[in-house]
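Working notes, beginning with the structure itself.
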Amino acid sequence: MSISTATNETAKARPISPLMTFLFAAACGLVAANLYYGQPLAGPISGELGFTPAATGLIVTLTQIGYGLGLLLIVPLGDLLENRRLVLMLILVSAVALVGAALSSTPIQFLLASLCIGLSSVAVQVLVPFAAHMAPDATRGRVVGNIMSGLLCGIMLARPFASFIAEASSWHMVYYITALVMVGLVLILRANLPVRVPHTKLGYGALLASMLHLAITTRVLQRRALYQAGMFGAFSLFWTTTPLLLAGPSFGLTQNGIALFALAGAAGAVASPVAGRLADRGLTQIASAFSMLLAMVAFVISHFAADGSLSALILLTAAAILLDFGVTTNLVCGQRAIYSISADHRSRLNGLYMATFFAGGAVGSALGGWAYAAGGWTTTAWIGFCFPAFAFLLFLTEGRGK
């Protein structure tokens, strides 16, 4: 299987309008948020539905497992099926799964709904390469960066949104409201998204088999996925453990206080458009190195932010912004690089890229919980530092090539 660096489709692409870019960004943010509502609601959900303490973690884990499976089994269909229809079907499934979560009366029902929420939320990873197809090569990084800023805002705002709604009403209302949002989103996208039929003629089995070939032979994909695995591992570790630190005796923040802290982290989403423009100008390497250094600096300053004082809270907030800025910058640079490999393989490349660094995030979350329980924040921050340090050391072996 050969991989070309350009296609007629890419060459003839006309600039995507600002309104369409905003629509893609908003859609990605709203759908991606579905993955994160369960995190701040795990306590109320487990208490009402009767989860055992050991099983409470499955509320988040099943959603993550569903998303990981979707990246490998559903996202590649973006290279095979008409993209608009695929996106609409996945978002409709999300709406049904969200209603199922709201109506759940047993742990099994809720976990099944969580799995389906994760599977269907990969609509985001069909939308991003869809938008990349619509953008000419000269501005593709900027377009992807703008869309990723919407996606990351959705991720960062999901937790405080869920916390505020649950405190004002109930956790059920969070899922009812978001299901209605998904239905409205389907109607808007159906009226505005263009039809895009991929050129790939492979069967589904051959499509999945081709992903193994891409993973083995595509050096840019391998490196960019590993870089982001290190960065996302740091991100997941930080956001898994900082709520524990902030709710502990040193800071003693309430759920709303922790939600406000999470809002500060959303400021890192402004990095996406900046990173996209840098990548379009051929500055991917510089931006990537800078992003990894930022993440390392974030964990270094966080060492001085554990005593519960106001200055410690300010330092921890600064660390959150720097870390999110670095992770976002590297993500967009990586996407810009892999989308330039081949237009006909973008969904498969994107699925492999996302699945790899998502695995890094899972490792970060698991290590973060263990480190905080075993050694407190100091141990956690040093382990967090190792993730971007690994990515940076690997990056240094790359030389001047992509």
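Ordered as shown in the structure tokens, chains take letters A, B, and onward, while each chain numbers its residues from 1 and ligands are numbered from 1 in the order shown.
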For stretch 117-177 of chain A against stretch 276-292 of chain A, with a cut-off of 6 Å and counting only C-alpha atoms, what is the closest atom pair and its distance in Å to one decimal for every residue that makes the cut, ordered by chain and number, as JSON lines?
{"residue": "A:Gly141", "atom": "CA", "partner": "A:Gly276", "partner_atom": "CA", "distance": 4.0}
{"residue": "A:Arg142", "atom": "CA", "partner": "A:Gly276", "partner_atom": "CA", "distance": 4.1}
{"residue": "A:Gly145", "atom": "CA", "partner": "A:Gly276", "partner_atom": "CA", "distance": 4.7}
Writer output for current selection, all heavy atoms, as a CSV table (one decimal), in the first residue's frame:
chain,number,residue,atom,x,y,z
A,141,GLY,N,-3.2,23.5,9.3
A,141,GLY,CA,-2.8,23.5,10.7
A,141,GLY,C,-3.7,24.5,11.5
A,141,GLY,O,-4.1,24.3,12.6
A,142,ARG,N,-3.9,25.7,10.9
A,142,ARG,CA,-4.7,26.7,11.6
A,142,ARG,C,-6.1,26.2,11.8
A,142,ARG,O,-6.7,26.4,12.8
A,142,ARG,CB,-4.7,28.0,10.7
A,142,ARG,CG,-5.5,29.1,11.4
A,142,ARG,CD,-5.4,30.4,10.6
A,142,ARG,NE,-6.1,30.2,9.3
A,142,ARG,CZ,-6.1,31.1,8.3
A,142,ARG,NH1,-5.4,32.2,8.4
A,142,ARG,NH2,-6.7,30.9,7.2
A,145,GLY,N,-6.1,23.5,14.4
A,145,GLY,CA,-5.9,24.2,15.7
A,145,GLY,C,-7.1,24.9,16.2
A,145,GLY,O,-7.4,24.7,17.4
Hey, could you make a per-residue contact list for stretch 181-280 of chain A against stretch 308-313 of chain A with 9 Å as the cut-off, showing the nearest pair of atoms and its distance in Å to one decimal, counting only C-alpha atoms, sorted by chain and number, as CSV?
residue,atom,partner,partner_atom,distance
A:Leu246,CA,A:Gly308,CA,8.1
A:Pro249,CA,A:Gly308,CA,8.2
A:Ser250,CA,A:Gly308,CA,4.5
A:Phe251,CA,A:Gly308,CA,4.4
A:Gly252,CA,A:Gly308,CA,8.1
For C-alpha atoms, I'd like the residues from the last selection saved as a PDB file, in the first residue's frame.
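Output file part_36.pdb is given in full below:
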ATOM      1  CA  LEU A 246      -7.429  20.445  46.399  1.00  0.00           C
ATOM      2  CA  PRO A 249      -6.801  19.031  54.311  1.00  0.00           C
ATOM      3  CA  SER A 250      -4.204  21.477  52.911  1.00  0.00           C
ATOM      4  CA  PHE A 251      -6.599  23.315  50.577  1.00  0.00           C
ATOM      5  CA  GLY A 252     -10.020  22.046  51.682  1.00  0.00           C
TER       6      GLY A 252
END
Exercise: stretch 190-197 of chain A partners within 8 Å, only C-alpha atoms, chain neighbours under 6 positions left out, as JSON, numbers by chain: {"A": [80, 81, 82, 83, 84, 88]}
9 Å contact set for A:Ala337, only C-alpha atoms, chain neighbours under 2 positions out, as a list in words: Gly141, Val220, Leu221, Arg224, Ala279, Thr284, Val332, Cys333, Gly334, Gln335, Tyr339, Ser340, Ile341 and Lys402 of chain A
Selected residues written out with C-alpha atoms, as a tab-separated table (two decimals), in the first residue's frame:
chain	number	residue	atom	x	y	z
A	141	GLY	CA	-2.82	23.54	10.69
A	220	VAL	CA	6.00	10.17	11.50
A	221	LEU	CA	2.93	8.54	13.03
A	224	ARG	CA	4.15	11.84	16.97
A	279	ALA	CA	2.86	24.26	12.08
A	284	THR	CA	6.53	22.15	14.04
A	332	VAL	CA	-2.08	20.07	17.17
A	333	CYS	CA	1.48	19.85	15.82
A	334	GLY	CA	1.16	16.07	15.75
A	335	GLN	CA	-2.17	16.15	13.96
A	339	TYR	CA	-2.70	14.70	8.24
A	340	SER	CA	-0.01	15.69	5.74
A	341	ILE	CA	0.94	12.05	5.13
A	402	LYS	CA	9.90	15.10	11.08
Nearest candidate to A:Leu263 (options A:Ala123, A:Ala381, A:Met89, A:Met156; using only C-alpha atoms): A:Met156
Proximity to A:Tyr353 - best of A:Ala215, A:Leu323, A:Ile16, A:Cys386, only C-alpha atoms: A:Ala215
Surrounding residues of stretch 125-127 of chain A excluding itself and chain neighbours under 3 positions, 6 Å, only C-alpha atoms, as JSON, numbers by chain: {"A": [75, 78, 122, 130]}
Residue subset to file, keeping C-alpha atoms, as an mmCIF file, in the first residue's frame:
data_model
loop_
_atom_site.group_PDB
_atom_site.id
_atom_site.type_symbol
_atom_site.label_atom_id
_atom_site.label_comp_id
_atom_site.auth_asym_id
_atom_site.auth_seq_id
_atom_site.Cartn_x
_atom_site.Cartn_y
_atom_site.Cartn_z
ATOM 1 C CA VAL A 75 -12.903 5.995 13.476
ATOM 2 C CA GLY A 78 -14.179 7.737 8.137
ATOM 3 C CA VAL A 122 -15.462 9.062 18.678
ATOM 4 C CA PHE A 130 -13.320 15.638 7.942
#
Close residues, stretch 101-109 of chain A itself excluded, 6 Å, only C-alpha atoms, min 4 positions apart in chain, as number ranges by chain: A: 49, 113, 172, 175
Store the residues picked out above, limited to C-alpha atoms, as a PDB file, in the first residue's frame.
ATOM      1  CA  LEU A  49     -27.195   3.222  42.182  1.00  0.00           C
ATOM      2  CA  ALA A 113     -24.679   3.302  28.896  1.00  0.00           C
ATOM      3  CA  HIS A 172     -29.700  12.720  36.170  1.00  0.00           C
ATOM      4  CA  TYR A 175     -27.424  13.561  31.199  1.00  0.00           C
TER       5      TYR A 175
END
Residue contacts of A:Gln222 (12 Å, only C-alpha atoms) excluding same-chain residues fewer than 5 positions away, as a count of residues only: 24
Residue set, stretch 228-357 of chain A restricted to helix (DSSP H, G or I), as a VMD selection string: chain A and resid 228 to 247 255 to 280 284 to 302 310 to 339 343 to 357
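Ranking A:Ser236, A:Asn34, A:Asn330, A:Thr254 by their shortest atom-to-atom distance to A:Val274, with only C-alpha atoms included, puts A:Asn330 first.
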Residue with smallest distance to A:Leu207 - pool A:Pro76, A:Gly100, A:Gly118, A:Gly326, counting only C-alpha atoms: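 The shortest atom-to-atom distance to A:Leu207 comes from A:Pro76.
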d(atom CA of A:Ala374, atom CA of A:Pro243) in Å: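 Between these atoms lies a distance of 16.3 Å.
Computed from the coordinates, the atom CA of A:Phe232 to atom CA of A:Gly68 distance equals 14.3 Å.
Between A:Glu167 and the residues A:Val128, A:Leu41, A:Ala262, A:Leu208, the shortest atom-to-atom distance, using only C-alpha atoms, involves A:Leu41.
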